[in-house]
Amino acid sequence: MISTYASKNKELLEQQTKRESNARSYPRRIPIAINEAEGIFVKDADGKSYYDCLAGAGTLALGHNHPVVIEALEKVIYDKRPLHTLDLTTPVKEGFIDEVFASLPKEFASRAKIQFCGPTGGDAIEAAIKLVKTATGRRSILSFQGGYHGATHGTMALSGNLAPKEKVNGLMPDVHFLPYPYEYRCPFGVGGEECHKISSRYIENVLDDPESGILPPAGMIFEAVQGEGGSIPAPVDWMKEMRRITKERQIPLIIDEVQTGIGRTGKLFAFEHADIIPDVIVLSKAIGGSLPLSVVIYDQDLDVWSPGAHIGTFRGNQMAMATGAATLKFIKEHKLDEHAEKMGKKLQDFIKELNAPEIGDVRGRGLMIGAEIVDPYLSPSKTGSYPANPQLASRIQRECFDRGLILEVGGRHGSVVRFLPPLIVTERQLDDICSIFKEAVKAAVKAG
């Protein structure tokens, strides 16, 4: 007999299905109504506990309801600080900017300007594109296959995923897609290090070819680790080449740090792995310390747009600035970026040691890891990669969920199982997560 309480999760999910838009996404794959949350754990309305390795798609750097976040919220309320200020400044806002600028490489911070945007990464990407178009007077934007930059009209045009675009006409024009160095499924059919070397040579040739069909671009944008594209890290040497190529041609380089920023990849900012200085970075998700916030930080030479060139009612979220500053400070003080590097290596090593033929590739940086699920019984490509197996990836996700582990799938054909745990995950917790994943893979393969 099922008690009234035991059916609460199902009841809430059915209510959500009836009332929410058909565009909802996560609940279709992760059937949970979250009732409580603390640290890396969430508890559903039936009282079942789960390890949360989705963490708000990377938003919850410190997990759920971390004490420093709660303290920052309480202080804003206790001190009767304003909660909403448009772009008027406050002590809280200036303190947040101080913390962010102190976290950037000195060479970048010394010339930096910051623009507060609407509370989503997509709005900040829109602002970054408007910024470089205004500064250069050009209109073409270089983006990359497999990239994801948002779901607005403009950011959808910049993203590689075709499905969302199929029924939406009139997306932003003059976006040109270049090959991203995805070594497992190399766009040039060679794989290995040659993949990124050919990519660099190809891009440089395109930019210097008077018959390329691409006008001098207003900017280039990429993720240092493609997130929704399947946790694909850009090789360090390739990032260095992109910086050289764009700098020599006076093309502003925009790095989308919406998911990678604030310690996620083992550095505070993912571009630091390559020891480069971009012209523009875009931050959201973790920068708000669990709350909605997004900013664009850029070189002062680009600051030629007019007052009101990018606005938004909710760019003055004081609570998010308070929690963001507290989160950033905690990450630095406790060296959680280094911890993410250590835990990420442990996680990658574990998945590789499973030696499961259905796991074609394991990759990522820090605590941004992807395991690409394949069908090893079909013929491989010339470079040795097997066809994607999205059905098995979905089964693995569901088997993990049934055992108390929340993961996401993404990448080509939805065949990459993605790990985005909070940066505070402990070694013991990671052992539990690995154990659950191992059993889930076995069960999913057996069921297939």
# chains A, B, ... in the order shown; residues from 1 in each chain; ligands from 1

call {"tool": "select_by_dssp", "arguments": {"residues": "region 149-227 of chain A", "states": "alpha helix (DSSP H)", "output": "list in words"}}
result
His153, Gly154, Thr155, Met156, Ala157, Leu158, Gly192, Glu193, Glu194, Cys195, His196, Lys197, Ile198, Ser199, Ser200, Arg201, Tyr202, Ile203, Glu204, Asn205, Val206, Leu207 and Asp208 of chain A

call {"tool": "write_last_selection", "arguments": {"atoms": "C-alpha atoms", "output": "PDB file, in the first residue's frame"}}
result
ATOM      1  CA  HIS A 153      17.488  34.443 -30.987  1.00  0.00           C
ATOM      2  CA  GLY A 154      21.053  35.715 -31.089  1.00  0.00           C
ATOM      3  CA  THR A 155      22.731  33.087 -28.948  1.00  0.00           C
ATOM      4  CA  MET A 156      20.882  30.252 -30.679  1.00  0.00           C
ATOM      5  CA  ALA A 157      22.388  31.509 -33.922  1.00  0.00           C
ATOM      6  CA  LEU A 158      25.846  31.159 -32.344  1.00  0.00           C
ATOM      7  CA  GLY A 192      44.961  13.054 -31.956  1.00  0.00           C
ATOM      8  CA  GLU A 193      47.054  16.227 -31.796  1.00  0.00           C
ATOM      9  CA  GLU A 194      46.914  16.632 -35.561  1.00  0.00           C
ATOM     10  CA  CYS A 195      43.229  17.536 -35.132  1.00  0.00           C
ATOM     11  CA  HIS A 196      43.861  20.826 -33.351  1.00  0.00           C
ATOM     12  CA  LYS A 197      46.873  21.654 -35.510  1.00  0.00           C
ATOM     13  CA  ILE A 198      44.841  21.302 -38.702  1.00  0.00           C
ATOM     14  CA  SER A 199      42.010  23.304 -37.131  1.00  0.00           C
ATOM     15  CA  SER A 200      44.368  26.190 -36.383  1.00  0.00           C
ATOM     16  CA  ARG A 201      45.868  26.155 -39.881  1.00  0.00           C
ATOM     17  CA  TYR A 202      42.439  25.965 -41.467  1.00  0.00           C
ATOM     18  CA  ILE A 203      41.086  28.909 -39.468  1.00  0.00           C
ATOM     19  CA  GLU A 204      44.118  31.055 -40.176  1.00  0.00           C
ATOM     20  CA  ASN A 205      43.797  30.293 -43.883  1.00  0.00           C
ATOM     21  CA  VAL A 206      40.077  31.181 -43.868  1.00  0.00           C
ATOM     22  CA  LEU A 207      40.807  34.555 -42.295  1.00  0.00           C
ATOM     23  CA  ASP A 208      43.533  35.362 -44.812  1.00  0.00           C
TER      24      ASP A 208
END

call {"tool": "residues_around", "arguments": {"residues": "His339 (chain A)", "least_positions_apart": "3", "cutoff": "10 Å", "atoms": "only C-alpha atoms", "output": "PyMOL selection string"}}
result
chain A and resi 263-264+266-267+331+334-336+342-345+366-367+423-427

call {"tool": "select_by_dssp", "arguments": {"residues": "region 213-368 of chain A", "states": "strand (DSSP E or B)", "output": "ChimeraX atom specification"}}
result
/A:217-222,225-226,232-233,253-256,280-283,295-299,317,359-365,368

call {"tool": "write_last_selection", "arguments": {"atoms": "N, CA and C atoms", "output": "mmCIF file, in the first residue's frame"}}
result
data_model
loop_
_atom_site.group_PDB
_atom_site.id
_atom_site.type_symbol
_atom_site.label_atom_id
_atom_site.label_comp_id
_atom_site.auth_asym_id
_atom_site.auth_seq_id
_atom_site.Cartn_x
_atom_site.Cartn_y
_atom_site.Cartn_z
ATOM 1 N N PRO A 217 35.747 39.649 -39.399
ATOM 2 C CA PRO A 217 34.795 39.438 -38.313
ATOM 3 C C PRO A 217 34.871 40.472 -37.192
ATOM 4 N N ALA A 218 33.722 40.648 -36.547
ATOM 5 C CA ALA A 218 33.647 41.514 -35.369
ATOM 6 C C ALA A 218 34.190 40.809 -34.143
ATOM 7 N N GLY A 219 34.195 39.471 -34.165
ATOM 8 C CA GLY A 219 34.702 38.737 -33.018
ATOM 9 C C GLY A 219 34.689 37.247 -33.256
ATOM 10 N N MET A 220 35.419 36.554 -32.400
ATOM 11 C CA MET A 220 35.403 35.092 -32.341
ATOM 12 C C MET A 220 34.961 34.698 -30.941
ATOM 13 N N ILE A 221 34.093 33.682 -30.841
ATOM 14 C CA ILE A 221 33.615 33.220 -29.548
ATOM 15 C C ILE A 221 33.752 31.709 -29.435
ATOM 16 N N PHE A 222 34.238 31.252 -28.280
ATOM 17 C CA PHE A 222 34.267 29.816 -28.036
ATOM 18 C C PHE A 222 34.272 29.526 -26.534
ATOM 19 N N VAL A 225 35.996 24.790 -22.611
ATOM 20 C CA VAL A 225 35.513 23.408 -22.554
ATOM 21 C C VAL A 225 34.064 23.463 -23.011
ATOM 22 N N GLN A 226 33.756 22.814 -24.123
ATOM 23 C CA GLN A 226 32.369 22.812 -24.581
ATOM 24 C C GLN A 226 31.529 22.015 -23.598
ATOM 25 N N ILE A 232 33.840 18.790 -23.927
ATOM 26 C CA ILE A 232 35.010 18.652 -24.808
ATOM 27 C C ILE A 232 35.996 19.789 -24.524
ATOM 28 N N PRO A 233 37.166 19.474 -23.965
ATOM 29 C CA PRO A 233 38.142 20.533 -23.671
ATOM 30 C C PRO A 233 38.906 20.960 -24.918
ATOM 31 N N LEU A 253 38.546 38.544 -29.137
ATOM 32 C CA LEU A 253 38.329 37.158 -28.741
ATOM 33 C C LEU A 253 37.435 37.123 -27.501
ATOM 34 N N ILE A 254 36.272 36.468 -27.654
ATOM 35 C CA ILE A 254 35.304 36.311 -26.565
ATOM 36 C C ILE A 254 35.377 34.868 -26.068
ATOM 37 N N ILE A 255 35.594 34.682 -24.784
ATOM 38 C CA ILE A 255 35.564 33.337 -24.227
ATOM 39 C C ILE A 255 34.349 33.218 -23.321
ATOM 40 N N ASP A 256 33.511 32.260 -23.660
ATOM 41 C CA ASP A 256 32.284 31.990 -22.920
ATOM 42 C C ASP A 256 32.635 31.147 -21.696
ATOM 43 N N VAL A 280 37.394 39.576 -24.138
ATOM 44 C CA VAL A 280 36.086 39.576 -23.476
ATOM 45 C C VAL A 280 35.873 38.219 -22.819
ATOM 46 N N ILE A 281 35.357 38.223 -21.576
ATOM 47 C CA ILE A 281 34.872 36.975 -20.993
ATOM 48 C C ILE A 281 33.437 37.189 -20.519
ATOM 49 N N VAL A 282 32.673 36.124 -20.575
ATOM 50 C CA VAL A 282 31.272 36.172 -20.160
ATOM 51 C C VAL A 282 31.095 35.217 -18.982
ATOM 52 N N LEU A 283 30.519 35.734 -17.895
ATOM 53 C CA LEU A 283 30.328 34.951 -16.674
ATOM 54 C C LEU A 283 28.867 34.943 -16.264
ATOM 55 N N VAL A 295 27.549 38.752 -16.080
ATOM 56 C CA VAL A 295 28.361 39.930 -16.383
ATOM 57 C C VAL A 295 29.214 39.670 -17.610
ATOM 58 N N VAL A 296 29.590 40.756 -18.265
ATOM 59 C CA VAL A 296 30.596 40.728 -19.329
ATOM 60 C C VAL A 296 31.769 41.564 -18.837
ATOM 61 N N ILE A 297 32.962 41.014 -18.927
ATOM 62 C CA ILE A 297 34.173 41.739 -18.538
ATOM 63 C C ILE A 297 35.054 41.823 -19.766
ATOM 64 N N TYR A 298 35.541 43.028 -20.055
ATOM 65 C CA TYR A 298 36.208 43.221 -21.341
ATOM 66 C C TYR A 298 37.286 44.296 -21.262
ATOM 67 N N ASP A 299 38.135 44.303 -22.278
ATOM 68 C CA ASP A 299 39.218 45.280 -22.359
ATOM 69 C C ASP A 299 38.659 46.681 -22.582
ATOM 70 N N ASN A 317 20.775 42.796 -9.173
ATOM 71 C CA ASN A 317 20.414 41.797 -8.166
ATOM 72 C C ASN A 317 21.433 41.807 -7.022
ATOM 73 N N ILE A 359 32.007 2.747 -23.286
ATOM 74 C CA ILE A 359 32.480 4.112 -22.998
ATOM 75 C C ILE A 359 33.618 4.401 -23.971
ATOM 76 N N GLY A 360 33.311 5.122 -25.026
ATOM 77 C CA GLY A 360 34.281 5.345 -26.088
ATOM 78 C C GLY A 360 35.344 6.362 -25.755
ATOM 79 N N ASP A 361 34.992 7.343 -24.925
ATOM 80 C CA ASP A 361 35.940 8.406 -24.613
ATOM 81 C C ASP A 361 35.580 9.007 -23.263
ATOM 82 N N VAL A 362 36.598 9.353 -22.494
ATOM 83 C CA VAL A 362 36.427 10.050 -21.215
ATOM 84 C C VAL A 362 37.283 11.305 -21.275
ATOM 85 N N ARG A 363 36.708 12.452 -20.951
ATOM 86 C CA ARG A 363 37.438 13.704 -21.152
ATOM 87 C C ARG A 363 36.881 14.795 -20.237
ATOM 88 N N GLY A 364 37.558 15.918 -20.250
ATOM 89 C CA GLY A 364 37.104 17.073 -19.490
ATOM 90 C C GLY A 364 38.258 17.760 -18.797
ATOM 91 N N ARG A 365 37.908 18.762 -17.988
ATOM 92 C CA ARG A 365 38.882 19.439 -17.139
ATOM 93 C C ARG A 365 38.235 19.700 -15.785
ATOM 94 N N MET A 368 34.370 18.935 -14.668
ATOM 95 C CA MET A 368 33.517 19.091 -15.837
ATOM 96 C C MET A 368 33.875 17.940 -16.766
#

call {"tool": "atom_distance", "arguments": {"atom1": "CA of Leu302 (chain A)", "atom2": "CA of Pro252 (chain A)"}}
result
8.7 Å

call {"tool": "residues_around", "arguments": {"residues": "Thr323 (chain A)", "least_positions_apart": "5", "cutoff": "8 Å", "atoms": "only C-alpha atoms", "output": "ChimeraX atom specification"}}
result
/A:68-70,72-73,288-291

call {"tool": "closest_residue", "arguments": {"among": "A:Ile251, A:Ile32, A:Ala440, A:Ile311", "to": "Ala135 (chain A)", "atoms": "only C-alpha atoms"}}
result
A:Ile251

call {"tool": "residues_around", "arguments": {"residues": "Ile262 (chain A)", "least_positions_apart": "2", "cutoff": "12 Å", "atoms": "only C-alpha atoms", "output": "PyMOL selection string"}}
result
chain A and resi 58-62+99-100+103-104+257-260+264-272+282-289+324-325+327-332+335-338+340+366-367+422-423

call {"tool": "residues_around", "arguments": {"residues": "Leu13 (chain A)", "least_positions_apart": "3", "cutoff": "8 Å", "atoms": "only C-alpha atoms", "output": "number ranges by chain"}}
result
A: 9-10, 16-17, 31-33

call {"tool": "atom_distance", "arguments": {"atom1": "CA of Ala124 (chain A)", "atom2": "CA of Gly312 (chain A)"}}
result
10.5 Å

call {"tool": "closest_residue", "arguments": {"among": "A:Thr383, A:Ser394, A:Ser435, A:Asn161", "to": "Ile351 (chain A)", "atoms": "only C-alpha atoms"}}
result
A:Ser435

call {"tool": "atom_distance", "arguments": {"atom1": "CA of Val445 (chain A)", "atom2": "CA of Gly56 (chain A)"}}
result
27.9 Å

call {"tool": "residues_around", "arguments": {"residues": "Thr89 (chain A)", "least_positions_apart": "6", "cutoff": "12 Å", "atoms": "only C-alpha atoms", "output": "PyMOL selection string"}}
result
chain A and resi 81-83+95-97+116+315-318+321

call {"tool": "decode", "arguments": {"residues": "region 73-123 of chain A", "atoms": "N, CA and C atoms", "output": "compact mmCIF listing (two decimals), in the first residue's frame"}}
result
# COMPACT_ATOMS: atom_id res chain seq x y z
N LEU A 73 23.28 36.12 2.37
CA LEU A 73 21.87 36.48 2.18
C LEU A 73 21.30 37.15 3.44
N GLU A 74 21.57 36.53 4.57
CA GLU A 74 21.05 37.07 5.84
C GLU A 74 21.59 38.45 6.13
N LYS A 75 22.85 38.68 5.79
CA LYS A 75 23.45 39.98 6.06
C LYS A 75 22.81 41.08 5.22
N VAL A 76 22.52 40.78 3.95
CA VAL A 76 21.85 41.75 3.09
C VAL A 76 20.50 42.14 3.69
N ILE A 77 19.77 41.14 4.16
CA ILE A 77 18.45 41.40 4.73
C ILE A 77 18.55 42.13 6.07
N TYR A 78 19.46 41.65 6.94
CA TYR A 78 19.61 42.24 8.28
C TYR A 78 20.04 43.70 8.20
N ASP A 79 20.94 43.99 7.25
CA ASP A 79 21.44 45.37 7.10
C ASP A 79 20.50 46.27 6.30
N LYS A 80 19.35 45.72 5.90
CA LYS A 80 18.36 46.47 5.13
C LYS A 80 18.94 47.05 3.84
N ARG A 81 19.77 46.25 3.20
CA ARG A 81 20.33 46.67 1.91
C ARG A 81 19.23 46.65 0.84
N PRO A 82 19.35 47.46 -0.18
CA PRO A 82 18.38 47.38 -1.28
C PRO A 82 18.53 46.04 -1.99
N LEU A 83 17.42 45.50 -2.46
CA LEU A 83 17.47 44.22 -3.17
C LEU A 83 17.54 44.41 -4.68
N HIS A 84 17.12 45.57 -5.15
CA HIS A 84 17.00 45.80 -6.58
C HIS A 84 17.39 47.24 -6.87
N THR A 85 18.40 47.43 -7.74
CA THR A 85 18.90 48.80 -7.95
C THR A 85 19.14 49.16 -9.42
N LEU A 86 18.59 48.38 -10.36
CA LEU A 86 18.93 48.61 -11.78
C LEU A 86 20.45 48.60 -11.91
N ASP A 87 21.06 49.65 -12.49
CA ASP A 87 22.52 49.65 -12.50
C ASP A 87 23.11 50.75 -11.61
N LEU A 88 22.30 51.23 -10.65
CA LEU A 88 22.83 52.14 -9.64
C LEU A 88 23.75 51.36 -8.72
N THR A 89 24.81 52.01 -8.26
CA THR A 89 25.78 51.26 -7.48
C THR A 89 25.44 51.25 -5.99
N THR A 90 26.05 50.32 -5.29
CA THR A 90 25.87 50.14 -3.85
C THR A 90 27.19 49.62 -3.28
N PRO A 91 27.37 49.65 -1.95
CA PRO A 91 28.56 49.04 -1.37
C PRO A 91 28.67 47.55 -1.69
N VAL A 92 27.53 46.87 -1.73
CA VAL A 92 27.53 45.44 -2.06
C VAL A 92 28.05 45.23 -3.48
N LYS A 93 27.58 46.05 -4.41
CA LYS A 93 28.00 45.92 -5.80
C LYS A 93 29.49 46.21 -5.97
N GLU A 94 29.97 47.26 -5.33
CA GLU A 94 31.39 47.60 -5.46
C GLU A 94 32.26 46.52 -4.83
N GLY A 95 31.78 45.93 -3.72
CA GLY A 95 32.52 44.83 -3.11
C GLY A 95 32.59 43.61 -4.01
N PHE A 96 31.50 43.34 -4.72
CA PHE A 96 31.47 42.23 -5.68
C PHE A 96 32.48 42.47 -6.80
N ILE A 97 32.48 43.68 -7.36
CA ILE A 97 33.42 44.00 -8.44
C ILE A 97 34.86 43.87 -7.96
N ASP A 98 35.12 44.34 -6.74
CA ASP A 98 36.46 44.21 -6.18
C ASP A 98 36.90 42.75 -6.16
N GLU A 99 36.01 41.87 -5.71
CA GLU A 99 36.34 40.45 -5.59
C GLU A 99 36.57 39.81 -6.95
N VAL A 100 35.73 40.19 -7.92
CA VAL A 100 35.89 39.63 -9.28
C VAL A 100 37.19 40.10 -9.91
N PHE A 101 37.46 41.38 -9.85
CA PHE A 101 38.67 41.92 -10.47
C PHE A 101 39.93 41.36 -9.81
N ALA A 102 39.87 41.14 -8.49
CA ALA A 102 41.01 40.58 -7.77
C ALA A 102 41.26 39.12 -8.14
N SER A 103 40.28 38.49 -8.75
CA SER A 103 40.39 37.08 -9.14
C SER A 103 40.92 36.90 -10.54
N LEU A 104 40.89 37.95 -11.34
CA LEU A 104 41.34 37.88 -12.73
C LEU A 104 42.85 38.00 -12.83
N PRO A 105 43.45 37.50 -13.90
CA PRO A 105 44.87 37.77 -14.12
C PRO A 105 45.11 39.29 -14.12
N LYS A 106 46.19 39.72 -13.50
CA LYS A 106 46.45 41.16 -13.34
C LYS A 106 46.46 41.90 -14.67
N GLU A 107 47.02 41.27 -15.69
CA GLU A 107 47.09 41.92 -17.00
C GLU A 107 45.71 42.23 -17.55
N PHE A 108 44.76 41.32 -17.28
CA PHE A 108 43.38 41.54 -17.73
C PHE A 108 42.68 42.54 -16.81
N ALA A 109 42.79 42.34 -15.50
CA ALA A 109 42.08 43.19 -14.53
C ALA A 109 42.49 44.66 -14.63
N SER A 110 43.76 44.91 -14.95
CA SER A 110 44.25 46.30 -14.99
C SER A 110 43.61 47.11 -16.11
N ARG A 111 43.03 46.42 -17.12
CA ARG A 111 42.42 47.11 -18.25
C ARG A 111 40.93 46.78 -18.37
N ALA A 112 40.35 46.20 -17.31
CA ALA A 112 39.01 45.64 -17.42
C ALA A 112 37.90 46.64 -17.16
N LYS A 113 36.82 46.45 -17.90
CA LYS A 113 35.54 47.10 -17.64
C LYS A 113 34.51 45.99 -17.44
N ILE A 114 33.46 46.28 -16.69
CA ILE A 114 32.44 45.28 -16.43
C ILE A 114 31.06 45.81 -16.78
N GLN A 115 30.26 44.98 -17.42
CA GLN A 115 28.88 45.32 -17.75
C GLN A 115 27.97 44.29 -17.07
N PHE A 116 27.05 44.77 -16.24
CA PHE A 116 26.06 43.89 -15.62
C PHE A 116 24.89 43.72 -16.58
N CYS A 117 24.46 42.47 -16.72
CA CYS A 117 23.44 42.14 -17.72
C CYS A 117 22.20 41.58 -17.03
N GLY A 118 21.21 41.19 -17.85
CA GLY A 118 20.09 40.45 -17.31
C GLY A 118 20.60 39.18 -16.68
N PRO A 119 19.81 38.52 -15.85
CA PRO A 119 20.37 37.44 -15.00
C PRO A 119 20.58 36.10 -15.66
N THR A 120 20.87 36.06 -16.95
CA THR A 120 21.17 34.79 -17.61
C THR A 120 22.43 34.92 -18.45
N GLY A 121 23.09 33.77 -18.63
CA GLY A 121 24.27 33.77 -19.47
C GLY A 121 23.96 34.19 -20.89
N GLY A 122 22.78 33.79 -21.39
CA GLY A 122 22.40 34.16 -22.75
C GLY A 122 22.35 35.65 -22.96
N ASP A 123 21.82 36.39 -21.98
CA ASP A 123 21.76 37.85 -22.11
C ASP A 123 23.16 38.45 -22.13
